[in-house]
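Next comes model.txt, a file with compact mmCIF, C-alpha atoms.
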# COMPACT_ATOMS: atom_id res chain seq x y z
CA MET I 1274 -17.50 -17.28 -37.18
CA ASN I 1275 -16.89 -18.17 -33.55
CA PHE I 1276 -18.26 -16.27 -30.54
CA LEU I 1277 -15.37 -13.79 -30.40
CA GLU I 1278 -15.37 -13.06 -34.12
CA GLU I 1279 -19.11 -12.44 -33.90
CA ARG I 1280 -18.61 -10.06 -30.99
CA ILE I 1281 -15.87 -8.18 -32.84
CA MET I 1282 -18.18 -7.80 -35.87
CA GLN I 1283 -20.93 -6.54 -33.58
CA ASP I 1284 -19.03 -4.17 -31.27
CA GLY I 1285 -15.52 -3.68 -32.68
CA VAL I 1286 -14.71 -0.42 -34.46
CA VAL I 1287 -12.07 -0.09 -37.15
CA LYS I 1288 -10.05 3.12 -37.01
CA GLU I 1289 -7.43 4.61 -39.31
CA GLY I 1290 -3.92 3.24 -38.84
CA ASN I 1291 -5.03 -0.40 -38.50
CA VAL I 1292 -6.46 0.22 -35.05
CA LEU I 1293 -9.24 -2.12 -33.93
CA LYS I 1294 -11.13 -0.69 -30.99
CA VAL I 1295 -12.61 -3.40 -28.79
CA ASP I 1296 -12.70 -1.32 -25.64
CA SER I 1297 -16.40 -1.89 -25.04
CA PHE I 1298 -15.89 -5.57 -24.18
CA LEU I 1299 -12.18 -6.50 -24.06
CA ASN I 1300 -9.68 -3.96 -22.83
CA HIS I 1301 -11.37 -1.08 -21.05
CA GLN I 1302 -14.86 -2.30 -20.27
CA MET I 1303 -14.61 -6.07 -19.83
CA ASP I 1304 -17.39 -8.59 -20.54
CA ILE I 1305 -16.77 -11.32 -17.99
CA ASP I 1306 -19.20 -13.77 -19.64
CA LEU I 1307 -17.21 -13.44 -22.84
CA PHE I 1308 -13.97 -14.03 -20.90
CA ASN I 1309 -15.52 -17.22 -19.52
CA GLN I 1310 -16.28 -18.40 -23.06
CA MET I 1311 -12.64 -17.70 -23.88
CA GLY I 1312 -11.56 -19.73 -20.85
CA GLU I 1313 -13.64 -22.70 -21.96
CA GLU I 1314 -12.23 -22.50 -25.47
CA PHE I 1315 -8.59 -22.23 -24.34
CA LYS I 1316 -9.13 -25.20 -22.01
CA LYS I 1317 -10.28 -27.23 -25.04
CA ARG I 1318 -7.38 -26.13 -27.22
CA PHE I 1319 -4.76 -26.84 -24.55
CA ALA I 1320 -6.50 -29.94 -23.17
CA ASP I 1321 -3.46 -32.16 -23.69
CA LYS I 1322 -1.05 -29.78 -21.95
CA SER I 1323 -0.15 -29.99 -18.30
CA ILE I 1324 -0.18 -26.36 -17.18
CA ASN I 1325 0.54 -25.17 -13.64
CA LYS I 1326 0.75 -21.40 -14.13
CA ILE I 1327 -0.60 -18.64 -16.33
CA LEU I 1328 1.62 -15.69 -17.23
CA THR I 1329 0.29 -12.43 -18.62
CA ILE I 1330 1.32 -8.78 -18.79
CA GLU I 1331 -0.33 -5.73 -17.30
CA ALA I 1332 -2.78 -4.24 -17.77
CA SER I 1333 -5.36 -5.57 -20.21
CA GLY I 1334 -4.13 -9.17 -20.14
CA ILE I 1335 -4.84 -9.54 -16.43
CA GLY I 1336 -8.62 -9.78 -16.53
CA ILE I 1337 -8.68 -12.42 -19.25
CA ALA I 1338 -5.86 -14.37 -17.57
CA CYS I 1339 -7.69 -14.48 -14.21
CA ILE I 1340 -10.94 -15.76 -15.70
CA VAL I 1341 -9.11 -18.27 -17.94
CA ALA I 1342 -7.13 -19.49 -14.90
CA GLN I 1343 -10.34 -20.84 -13.38
CA TYR I 1344 -10.55 -23.43 -16.18
CA PHE I 1345 -7.00 -24.63 -15.48
CA GLN I 1346 -7.15 -24.29 -11.67
CA VAL I 1347 -3.82 -22.47 -11.58
CA PRO I 1348 -2.48 -19.16 -10.26
CA VAL I 1349 -1.75 -16.18 -12.51
CA VAL I 1350 1.46 -14.16 -12.55
CA PHE I 1351 1.45 -10.85 -14.33
CA ALA I 1352 4.59 -9.20 -15.67
CA LYS I 1353 4.91 -5.58 -14.61
CA LYS I 1354 5.94 -2.83 -16.95
CA SER I 1355 8.10 -0.69 -14.69
CA LYS I 1356 10.15 -1.12 -11.58
CA SER I 1357 8.05 -0.63 -8.46
CA ILE I 1358 9.56 0.08 -5.06
CA ASN I 1359 7.41 -2.75 -3.71
CA ILE I 1360 9.28 -5.30 -5.82
CA GLU I 1361 12.73 -5.87 -4.50
CA GLY I 1362 15.23 -8.67 -4.80
CA GLU I 1363 15.94 -10.58 -7.94
CA MET I 1364 13.79 -10.31 -11.01
CA TYR I 1365 13.65 -11.59 -14.55
CA VAL I 1366 13.78 -8.65 -16.92
CA ALA I 1367 12.96 -8.35 -20.63
CA GLU I 1368 12.84 -5.34 -22.90
CA VAL I 1369 9.49 -4.85 -24.64
CA GLU I 1370 8.44 -2.35 -27.29
CA SER I 1371 4.82 -1.21 -27.17
CA PHE I 1372 3.06 -0.63 -30.46
CA THR I 1373 0.17 1.19 -28.78
CA HIS I 1374 2.20 3.50 -26.61
CA ARG I 1375 5.18 3.85 -28.98
CA CYS I 1376 7.77 3.40 -26.26
CA LYS I 1377 10.08 0.79 -24.77
CA ASN I 1378 9.36 -0.79 -21.42
CA GLN I 1379 11.17 -3.19 -19.22
CA VAL I 1380 8.88 -5.97 -18.14
CA ILE I 1381 9.75 -7.74 -14.93
CA VAL I 1382 8.70 -10.84 -13.06
CA SER I 1383 9.92 -11.72 -9.60
CA LYS I 1384 12.15 -14.81 -9.58
CA LYS I 1385 10.05 -16.12 -6.70
CA PHE I 1386 7.12 -16.81 -9.00
CA LEU I 1387 8.69 -18.58 -11.99
CA GLY I 1388 11.14 -21.47 -11.98
CA PRO I 1389 12.30 -24.64 -13.77
CA ASP I 1390 9.25 -26.62 -12.61
CA ASP I 1391 6.77 -24.24 -14.19
CA HIS I 1392 4.71 -25.24 -17.22
CA VAL I 1393 3.33 -21.97 -18.39
CA LEU I 1394 0.37 -20.88 -20.49
CA ILE I 1395 0.90 -17.30 -21.68
CA ILE I 1396 -2.31 -15.29 -22.09
CA ASP I 1397 -2.75 -11.84 -23.63
CA ASP I 1398 -5.49 -9.81 -25.23
CA PHE I 1399 -3.73 -8.74 -28.44
CA LEU I 1400 -0.97 -10.01 -30.68
CA ALA I 1401 0.38 -7.73 -33.39
CA ASN I 1402 4.15 -7.42 -33.72
CA GLY I 1403 4.68 -9.91 -30.92
CA CYS I 1404 7.02 -7.73 -28.88
CA ALA I 1405 5.22 -8.26 -25.57
CA LEU I 1406 4.97 -11.98 -26.25
CA GLN I 1407 8.69 -12.26 -27.02
CA GLY I 1408 9.40 -10.60 -23.69
CA LEU I 1409 7.15 -13.04 -21.82
CA ILE I 1410 8.67 -16.07 -23.60
CA GLN I 1411 12.15 -14.76 -22.79
CA ILE I 1412 11.19 -14.45 -19.12
CA VAL I 1413 9.88 -18.04 -18.94
CA GLN I 1414 13.08 -19.25 -20.60
CA SER I 1415 15.26 -17.25 -18.21
CA ALA I 1416 13.42 -19.02 -15.39
CA GLY I 1417 14.16 -22.42 -16.95
CA GLY I 1418 10.42 -23.01 -17.27
CA THR I 1419 8.46 -24.41 -20.22
CA VAL I 1420 6.07 -22.45 -22.43
CA GLU I 1421 3.30 -25.01 -22.96
CA GLY I 1422 1.23 -22.71 -25.08
CA ILE I 1423 0.12 -19.19 -25.87
CA GLY I 1424 -3.51 -18.07 -25.86
CA ILE I 1425 -4.44 -14.77 -27.50
CA ALA I 1426 -7.84 -13.15 -27.86
CA ILE I 1427 -7.26 -11.15 -31.05
CA GLU I 1428 -4.34 -11.53 -33.44
CA LYS I 1429 -3.64 -9.05 -36.19
CA GLY I 1430 -2.79 -11.60 -38.86
CA PHE I 1431 -1.38 -8.96 -41.18
CA GLN I 1432 1.38 -8.12 -38.70
CA PRO I 1433 4.35 -10.45 -38.27
CA GLY I 1434 4.04 -11.52 -34.60
CA GLY I 1435 1.88 -14.61 -35.06
CA ARG I 1436 3.83 -16.12 -37.94
CA MET I 1437 7.13 -15.60 -36.12
CA ILE I 1438 5.92 -17.23 -32.89
CA ARG I 1439 4.42 -20.20 -34.80
CA ASN I 1440 7.65 -20.59 -36.80
CA LEU I 1441 9.46 -20.98 -33.49
CA GLY I 1442 7.28 -24.05 -32.85
CA TYR I 1443 5.02 -22.71 -30.13
CA GLN I 1444 1.37 -23.72 -29.95
CA LEU I 1445 -0.17 -20.30 -30.44
CA GLU I 1446 -3.97 -20.21 -30.33
CA SER I 1447 -5.63 -16.94 -31.28
CA LEU I 1448 -9.40 -16.94 -30.90
CA ALA I 1449 -9.83 -14.37 -33.67
CA ILE I 1450 -7.27 -13.62 -36.38
CA VAL I 1451 -7.97 -10.42 -38.30
CA GLU I 1452 -6.60 -10.77 -41.84
CA SER I 1453 -7.57 -7.29 -42.94
CA MET I 1454 -9.77 -4.41 -41.96
CA ASP I 1455 -10.98 -1.25 -43.61
CA ALA I 1456 -11.53 1.96 -41.68
CA THR I 1457 -13.66 3.45 -44.47
CA THR I 1458 -16.19 0.64 -44.77
CA GLY I 1459 -15.70 -0.75 -41.25
CA ASN I 1460 -15.26 -4.19 -42.79
CA ILE I 1461 -13.24 -6.86 -40.97
CA CYS I 1462 -11.99 -10.10 -42.56
CA PHE I 1463 -11.01 -13.02 -40.35
CA ARG I 1464 -8.64 -15.82 -41.22
CA ASP I 1465 -10.55 -18.96 -42.03
CA SER I 1466 -10.19 -21.51 -39.21
CA SER I 1467 -9.41 -24.32 -41.65
CA GLN I 1468 -6.71 -22.16 -43.21
CA GLN I 1469 -5.40 -21.46 -39.71
CA GLU I 1470 -5.20 -25.20 -39.01
CA LYS I 1471 -3.45 -25.85 -42.32
CA GLY I 1472 -0.93 -23.07 -41.66
CA LYS I 1473 -0.25 -24.47 -38.20
CA SER I 1474 0.41 -28.05 -39.28
CA GLY I 1475 2.62 -26.72 -42.04
CA THR I 1476 4.93 -24.95 -39.63
CA LEU I 1477 5.10 -27.59 -36.88
CA MET U 1306 -9.41 -13.94 11.76
CA ASN U 1307 -11.10 -14.32 8.38
CA PHE U 1308 -9.67 -16.13 5.35
CA LEU U 1309 -7.78 -13.11 4.05
CA GLU U 1310 -6.28 -12.14 7.41
CA GLU U 1311 -5.14 -15.74 7.82
CA ARG U 1312 -3.53 -15.69 4.40
CA ILE U 1313 -1.77 -12.40 5.16
CA MET U 1314 -0.41 -13.88 8.41
CA GLN U 1315 0.78 -16.92 6.49
CA ASP U 1316 2.29 -15.38 3.35
CA GLY U 1317 2.49 -11.61 3.86
CA VAL U 1318 5.87 -10.05 4.60
CA VAL U 1319 6.33 -6.82 6.55
CA LYS U 1320 9.08 -4.57 5.22
CA GLU U 1321 10.60 -1.34 6.52
CA GLY U 1322 8.60 1.80 5.70
CA ASN U 1323 5.20 0.25 6.45
CA VAL U 1324 5.31 -1.88 3.33
CA LEU U 1325 3.26 -5.07 3.40
CA LYS U 1326 4.33 -7.43 0.63
CA VAL U 1327 1.50 -9.67 -0.50
CA ASP U 1328 2.88 -10.27 -3.96
CA SER U 1329 2.79 -14.05 -3.63
CA PHE U 1330 -1.03 -14.15 -3.69
CA LEU U 1331 -2.54 -10.71 -4.34
CA ASN U 1332 -0.74 -8.31 -6.62
CA HIS U 1333 1.95 -10.05 -8.66
CA GLN U 1334 1.16 -13.74 -8.38
CA MET U 1335 -2.60 -14.02 -7.95
CA ASP U 1336 -4.45 -16.80 -6.13
CA ILE U 1337 -7.71 -17.11 -8.04
CA ASP U 1338 -9.36 -19.33 -5.40
CA LEU U 1339 -8.69 -16.60 -2.83
CA PHE U 1340 -10.17 -14.01 -5.20
CA ASN U 1341 -13.29 -16.18 -5.44
CA GLN U 1342 -13.58 -16.21 -1.65
CA MET U 1343 -13.32 -12.43 -1.78
CA GLY U 1344 -16.06 -12.31 -4.42
CA GLU U 1345 -18.38 -14.39 -2.22
CA GLU U 1346 -17.68 -12.16 0.77
CA PHE U 1347 -18.24 -8.89 -1.11
CA LYS U 1348 -21.49 -10.30 -2.51
CA LYS U 1349 -22.64 -10.91 1.08
CA ARG U 1350 -21.59 -7.48 2.29
CA PHE U 1351 -23.24 -5.65 -0.62
CA ALA U 1352 -26.24 -8.00 -0.85
CA ASP U 1353 -28.77 -5.17 -0.44
CA LYS U 1354 -27.21 -3.00 -3.14
CA SER U 1355 -28.31 -3.01 -6.74
CA ILE U 1356 -25.03 -2.89 -8.66
CA ASN U 1357 -24.72 -2.92 -12.43
CA LYS U 1358 -21.01 -2.18 -12.91
CA ILE U 1359 -17.68 -2.67 -11.19
CA LEU U 1360 -15.01 0.01 -11.50
CA THR U 1361 -11.35 -0.60 -10.69
CA ILE U 1362 -7.96 0.83 -11.59
CA GLU U 1363 -5.06 -0.78 -13.36
CA ALA U 1364 -3.14 -2.88 -12.78
CA SER U 1365 -3.50 -4.95 -9.63
CA GLY U 1366 -7.19 -4.16 -9.08
CA ILE U 1367 -8.20 -5.76 -12.38
CA GLY U 1368 -7.81 -9.42 -11.45
CA ILE U 1369 -9.79 -9.11 -8.23
CA ALA U 1370 -12.47 -7.01 -9.95
CA CYS U 1371 -12.98 -9.56 -12.74
CA ILE U 1372 -13.39 -12.50 -10.36
CA VAL U 1373 -15.65 -10.47 -8.01
CA ALA U 1374 -17.76 -9.40 -11.02
CA GLN U 1375 -18.87 -13.02 -11.48
CA TYR U 1376 -20.75 -12.82 -8.17
CA PHE U 1377 -22.61 -9.69 -9.28
CA GLN U 1378 -23.04 -10.71 -12.94
CA VAL U 1379 -21.86 -7.31 -14.14
CA PRO U 1380 -19.13 -5.98 -16.46
CA VAL U 1381 -15.91 -4.41 -15.17
CA VAL U 1382 -14.46 -1.08 -16.26
CA PHE U 1383 -10.89 -0.31 -15.35
CA ALA U 1384 -9.53 3.21 -15.11
CA LYS U 1385 -6.30 3.68 -17.04
CA LYS U 1386 -3.31 5.52 -15.69
CA SER U 1387 -2.06 7.28 -18.80
CA LYS U 1388 -3.47 8.46 -22.05
CA SER U 1389 -3.32 5.77 -24.70
CA ILE U 1390 -3.53 6.51 -28.40
CA ASN U 1391 -6.20 3.80 -28.58
CA ILE U 1392 -8.52 5.84 -26.38
CA GLU U 1393 -9.92 8.77 -28.21
CA GLY U 1394 -12.94 10.96 -27.76
CA GLU U 1395 -14.24 12.17 -24.48
CA MET U 1396 -13.00 10.86 -21.18
CA TYR U 1397 -13.50 11.43 -17.48
CA VAL U 1398 -10.19 12.44 -15.94
CA ALA U 1399 -9.01 12.55 -12.31
CA GLU U 1400 -5.62 13.31 -10.84
CA VAL U 1401 -4.25 10.53 -8.60
CA GLU U 1402 -1.14 10.40 -6.47
CA SER U 1403 0.52 7.00 -6.12
CA PHE U 1404 2.06 6.11 -2.76
CA THR U 1405 3.91 3.12 -4.22
CA HIS U 1406 5.37 4.83 -7.24
CA ARG U 1407 5.72 8.29 -5.69
CA CYS U 1408 4.32 10.10 -8.68
CA LYS U 1409 1.12 11.72 -9.93
CA ASN U 1410 -0.98 10.08 -12.60
CA GLN U 1411 -4.02 11.05 -14.52
CA VAL U 1412 -6.57 8.29 -14.42
CA ILE U 1413 -9.08 8.18 -17.22
CA VAL U 1414 -12.30 6.38 -18.05
CA SER U 1415 -14.05 6.65 -21.38
CA LYS U 1416 -17.39 8.46 -21.12
CA LYS U 1417 -18.91 5.62 -23.12
CA PHE U 1418 -18.65 3.26 -20.17
CA LEU U 1419 -19.99 5.27 -17.23
CA GLY U 1420 -23.17 7.32 -17.05
CA PRO U 1421 -26.05 8.53 -14.85
CA ASP U 1422 -27.71 5.09 -14.88
CA ASP U 1423 -24.69 3.33 -13.42
CA HIS U 1424 -24.73 1.95 -9.87
CA VAL U 1425 -21.10 1.25 -9.26
CA LEU U 1426 -19.15 -0.99 -6.92
CA ILE U 1427 -15.54 0.19 -6.74
CA ILE U 1428 -13.00 -2.61 -6.17
CA ASP U 1429 -9.28 -2.29 -5.43
CA ASP U 1430 -6.54 -4.36 -3.81
CA PHE U 1431 -5.13 -1.76 -1.39
CA LEU U 1432 -6.34 1.29 0.48
CA ALA U 1433 -3.79 3.47 2.24
CA ASN U 1434 -4.03 7.22 1.68
CA GLY U 1435 -7.07 6.79 -0.48
CA CYS U 1436 -5.78 8.81 -3.41
CA ALA U 1437 -6.67 6.23 -6.05
CA LEU U 1438 -10.08 5.76 -4.49
CA GLN U 1439 -10.79 9.50 -4.46
CA GLY U 1440 -9.97 9.58 -8.16
CA LEU U 1441 -12.37 6.73 -8.88
CA ILE U 1442 -15.17 8.28 -6.81
CA GLN U 1443 -14.62 11.58 -8.58
CA ILE U 1444 -14.92 9.83 -11.95
CA VAL U 1445 -18.23 8.14 -11.01
CA GLN U 1446 -19.56 11.49 -9.80
CA SER U 1447 -18.46 13.24 -12.99
CA ALA U 1448 -20.46 10.61 -14.86
CA GLY U 1449 -23.53 11.33 -12.74
CA GLY U 1450 -23.47 7.73 -11.53
CA THR U 1451 -23.89 6.37 -7.99
CA VAL U 1452 -21.16 4.80 -5.87
CA GLU U 1453 -23.08 1.96 -4.19
CA GLY U 1454 -20.09 0.72 -2.29
CA ILE U 1455 -16.36 0.21 -2.16
CA GLY U 1456 -14.71 -3.19 -1.69
CA ILE U 1457 -11.04 -3.33 -0.72
CA ALA U 1458 -8.87 -6.37 -0.07
CA ILE U 1459 -6.37 -4.83 2.38
CA GLU U 1460 -6.70 -1.49 4.13
CA LYS U 1461 -3.85 0.11 6.03
CA GLY U 1462 -5.88 1.27 9.00
CA PHE U 1463 -3.09 3.48 10.30
CA GLN U 1464 -3.22 5.64 7.15
CA PRO U 1465 -6.03 8.15 6.69
CA GLY U 1466 -7.76 6.87 3.53
CA GLY U 1467 -10.31 4.55 5.14
CA ARG U 1468 -11.50 6.97 7.81
CA MET U 1469 -11.87 9.77 5.29
CA ILE U 1470 -13.93 7.66 2.87
CA ARG U 1471 -16.17 6.34 5.69
CA ASN U 1472 -16.64 9.89 7.00
CA LEU U 1473 -17.98 10.83 3.59
CA GLY U 1474 -20.73 8.24 4.15
CA TYR U 1475 -19.65 5.56 1.71
CA GLN U 1476 -20.10 1.89 2.54
CA LEU U 1477 -16.45 0.87 2.51
CA GLU U 1478 -15.79 -2.80 3.15
CA SER U 1479 -12.17 -3.83 3.64
CA LEU U 1480 -11.65 -7.57 4.05
CA ALA U 1481 -8.54 -7.04 6.17
CA ILE U 1482 -7.65 -3.86 8.03
CA VAL U 1483 -4.07 -3.72 9.25
CA GLU U 1484 -3.88 -1.62 12.41
CA SER U 1485 -0.14 -1.90 12.84
CA MET U 1486 2.79 -3.95 11.67
CA ASP U 1487 6.37 -4.39 12.74
CA ALA U 1488 9.15 -5.04 10.24
CA THR U 1489 11.50 -6.28 12.98
CA THR U 1490 9.25 -8.95 14.46
CA GLY U 1491 7.10 -9.46 11.34
CA ASN U 1492 4.03 -9.04 13.52
CA ILE U 1493 0.77 -7.81 12.00
CA CYS U 1494 -2.24 -6.58 14.03
CA PHE U 1495 -5.66 -6.47 12.43
CA ARG U 1496 -8.56 -4.29 13.44
CA ASP U 1497 -11.13 -6.27 15.35
CA SER U 1498 -14.23 -6.87 13.18
CA SER U 1499 -16.59 -5.83 16.00
CA GLN U 1500 -14.59 -2.62 16.43
CA GLN U 1501 -14.85 -2.12 12.67
CA GLU U 1502 -18.63 -2.49 12.84
CA LYS U 1503 -18.84 -0.05 15.75
CA GLY U 1504 -16.69 2.49 13.92
CA LYS U 1505 -18.89 2.15 10.89
CA SER U 1506 -22.22 2.67 12.59
CA GLY U 1507 -20.69 5.58 14.50
CA THR U 1508 -19.91 7.48 11.31
CA LEU U 1509 -23.02 6.69 9.30

Encoded form using structure tokens:
Amino acid sequence: MNFLEERIMQDGVVKEGNVLKVDSFLNHQMDIDLFNQMGEEFKKRFADKSINKILTIEASGIGIACIVAQYFQVPVVFAKKSKSINIEGEMYVAEVESFTHRCKNQVIVSKKFLGPDDHVLIIDDFLANGCALQGLIQIVQSAGGTVEGIGIAIEKGFQPGGRMIRNLGYQLESLAIVESMDATTGNICFRDSSQQEKGKSGTL
Amino acid sequence: MNFLEERIMQDGVVKEGNVLKVDSFLNHQMDIDLFNQMGEEFKKRFADKSINKILTIEASGIGIACIVAQYFQVPVVFAKKSKSINIEGEMYVAEVESFTHRCKNQVIVSKKFLGPDDHVLIIDDFLANGCALQGLIQIVQSAGGTVEGIGIAIEKGFQPGGRMIRNLGYQLESLAIVESMDATTGNICFRDSSQQEKGKSGTL
């Protein structure tokens, strides 16, 4: 087990409905030392990529993205979930369905902050169905930019998002992939890293 | 002028309706080096305070709070703006009016992450009417915790939030206080730091 899997075993709580609560260290209270470990690890995994911008989506992706950005020495842009009166002018827009909130959102990024010269690392806390990620990829493509990679803290391996994104050829690195979890026993099974590697080379 | 005032002069844009757009470095695209300078500065200004937690509010406060947290070696908790199905159990709730979005929100923090032992530094990107800040203070008080200080990137000095919070006796440190701005000329006037100091000692 790596540092994140160990932390999930220690502090994560499995709830009915395939909900994994990690709000004590990831997405409500945030452990900044842990985020720094994640930054180091993403820097290793994307060492061969030339990245000049990190893109994430509000709200819980922002903290991780900002700490990770320090390892790449790049600015962060976060996609917003609703139109604000402070954002005017032209924007990239994508439609995103939220599993957690059971609603559809438009996510928007100002055209000023993404363009054809951008080599983007997308960062988010969770990957399940991949809806948010599809929206972010769509936005980078609309801008004519390049998605150099995708870094996720926790992937729900039993939901289709990860497989779909990997099948599209993207380098998707999830620091912990939950294969299954059981709300009754509290047990959590992670995908074996070697299996993860094998699966990746099989699809690329 | 300090580093943040200089950056606002360089990249901030004044819009009609007393809107100051700083989305190229503060609250849409985020300059992480600048956030680190802010962290250093807040650490200086709150050097005599014993702080064990940073509290902020989604979304644009999160990035600053996470970088600033590295200078205090503490975790960050962010208040959420709407009830999520992933947050269950007991929560602290405060009502907050948003100037930008012209609507009322409930902001919530899980009771697990704030308590009587917490000595809290509140961090946010903007202070105007102070509604968000009042909500956060109220939440810390509900938890029985102590607000050790409040660190703001940009305060609109011509709106009542700052004065009100200082009159309540809180140590409120705003890195840039805009006294006035003019959408026609693009001119921005900052409050003189010495005047700021005088105002502060006068109210405490």

Taking all atoms listed in the file into account, produce a table as a Markdown table in which each residue of chain I with an atom at most 9 Å from an atom of chain U appears once, together with its shortest atom pair and the distance in Å to one decimal, ordered by chain and rising number.
| residue | atom | partner | partner_atom | distance |
| --- | --- | --- | --- | --- |
| I:Val1292 | CA | U:Asn1391 | CA | 7.4 |
| I:Leu1293 | CA | U:Asn1391 | CA | 8.5 |
| I:Lys1294 | CA | U:Asn1391 | CA | 7.1 |
| I:Asp1296 | CA | U:Ile1392 | CA | 8.3 |
| I:Ser1297 | CA | U:Phe1418 | CA | 7.4 |
| I:Phe1298 | CA | U:Pro1380 | CA | 8.4 |
| I:Asn1300 | CA | U:Phe1383 | CA | 8.4 |
| I:His1301 | CA | U:Val1382 | CA | 5.7 |
| I:Gln1302 | CA | U:Val1382 | CA | 4.2 |
| I:Met1303 | CA | U:Val1381 | CA | 5.1 |
| I:Asp1304 | CA | U:Pro1380 | CA | 5.1 |
| I:Ile1305 | CA | U:Pro1380 | CA | 6.0 |
| I:Asp1306 | CA | U:Gln1375 | CA | 8.2 |
| I:Glu1331 | CA | U:Ala1364 | CA | 6.0 |
| I:Ala1332 | CA | U:Ala1364 | CA | 5.2 |
| I:Ser1333 | CA | U:Ala1364 | CA | 8.2 |
| I:Ile1335 | CA | U:Gly1368 | CA | 5.8 |
| I:Gly1336 | CA | U:Gly1368 | CA | 5.2 |
| I:Ile1337 | CA | U:Cys1371 | CA | 8.3 |
| I:Ala1338 | CA | U:Gly1368 | CA | 8.1 |
| I:Cys1339 | CA | U:Gly1368 | CA | 5.8 |
| I:Ile1340 | CA | U:Ile1372 | CA | 6.7 |
| I:Ala1342 | CA | U:Ile1337 | CA | 7.3 |
| I:Gln1343 | CA | U:Ile1337 | CA | 7.0 |
| I:Gln1346 | CA | U:Ile1337 | CA | 8.1 |
| I:Val1347 | CA | U:Ile1337 | CA | 7.5 |
| I:Pro1348 | CA | U:Asp1336 | CA | 5.1 |
| I:Val1349 | CA | U:Met1335 | CA | 5.1 |
| I:Val1350 | CA | U:Gln1334 | CA | 4.2 |
| I:Phe1351 | CA | U:His1333 | CA | 5.7 |
| I:Ala1352 | CA | U:His1333 | CA | 7.5 |
| I:Lys1353 | CA | U:His1333 | CA | 8.0 |
| I:Lys1356 | CA | U:His1406 | CA | 8.8 |
| I:Ser1357 | CA | U:His1406 | CA | 6.2 |
| I:Ile1358 | CA | U:Thr1405 | CA | 6.5 |
| I:Asn1359 | CA | U:Thr1405 | CA | 6.9 |
| I:Ile1360 | CA | U:Asp1328 | CA | 8.3 |
| I:Thr1373 | CA | U:Ile1390 | CA | 6.5 |
| I:His1374 | CA | U:Ser1389 | CA | 6.3 |
| I:Val1382 | CA | U:His1333 | CA | 8.1 |
| I:Ser1383 | CA | U:His1333 | CA | 8.2 |
| I:Lys1385 | CA | U:Ser1329 | CA | 8.1 |
| I:Phe1386 | CA | U:Gln1334 | CA | 6.7 |

(Q) Need the shell around range 1316-1324 of chain I: protein/DNA/RNA residues with any atom at most 10 Å away, counting all atoms listed in the file. Skip same-chain ones fewer than 2 positions apart. Format as a list in words? (A) Gln1310, Met1311, Gly1312, Glu1313, Glu1314, Lys1326, Ile1327, Val1341, Ala1342, Gln1343, Tyr1344, Phe1345, Gln1346, Val1347, Asp1391, His1392, Val1393, Leu1394, Thr1419, Val1420, Glu1421, Gly1422, Ile1423, Gly1424, Gln1444, Leu1445 and Glu1446 of chain I

Q: Select, from I:Leu1441, I:Ile1425, I:Ala1449, I:Val1286, the residue with the minimum atom-to-atom distance to Leu1400 in chain I, counting only C-alpha atoms.
A: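 Closest candidate: I:Ile1425.
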
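Atom pair CA of Gly1462 in chain U / CA of Glu1484 in chain U has a distance of 4.9 Å (rounded to one decimal).
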
Q.
Calculated over all atoms listed in the file, which of the candidates U:Gln1446, U:Thr1490, U:Asn1434, U:Ser1485 has the smallest distance to Ile1470 in chain U?
A.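 Smallest distance to Ile1470 in chain U is found for U:Asn1434.
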
Q: Between CA of Asn1275 in chain I and CA of Glu1428 in chain I, measure the distance and give it in Å to one decimal.
A: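 Straight-line distance from CA of Asn1275 in chain I to CA of Glu1428 in chain I works out to 14.2 Å.
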
Q: Would you mind listing what lies within 9 Å of Asp1390 in chain I as a ChimeraX atom specification, with only C-alpha atoms counted and same-chain residues fewer than 4 positions away left out?
A: /I:1325,1417-1419

**Q.** Distance query Glu1402 in chain U at most 10 Å, all atoms listed in the file, self and fewer than 5 positions along chain excluded, as a ChimeraX atom specification
**A.** /U:1407-1412,1434-1437,1439-1440

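Taking CA of Ala1399 in chain U as the reference point, CA of Gln1443 in chain U is found at 6.8 Å.
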
(Q) Please list as an MDAnalysis selection string every residue within 8 Å of Leu1309 in chain U, counting all atoms listed in the file and excluding residues in the same chain fewer than 6 positions away. (A) chainID U and resid 1339 1458 1480:1481

Output C-alpha atoms for every residue in the selection just made, as a short mmCIF file (atom, residue, chain, number, x, y, z; two decimals), in the coordinates of the input.
data_model
loop_
_atom_site.label_atom_id
_atom_site.label_comp_id
_atom_site.auth_asym_id
_atom_site.auth_seq_id
_atom_site.Cartn_x
_atom_site.Cartn_y
_atom_site.Cartn_z
CA LEU U 1339 -8.69 -16.60 -2.83
CA ALA U 1458 -8.87 -6.37 -0.07
CA LEU U 1480 -11.65 -7.57 4.05
CA ALA U 1481 -8.54 -7.04 6.17
#

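Taking all atoms listed in the file into account, Ala1488 in chain U lies nearest to U:Asn1323 out of the set U:Asn1323, U:Asp1316, U:Lys1461, U:Phe1308.
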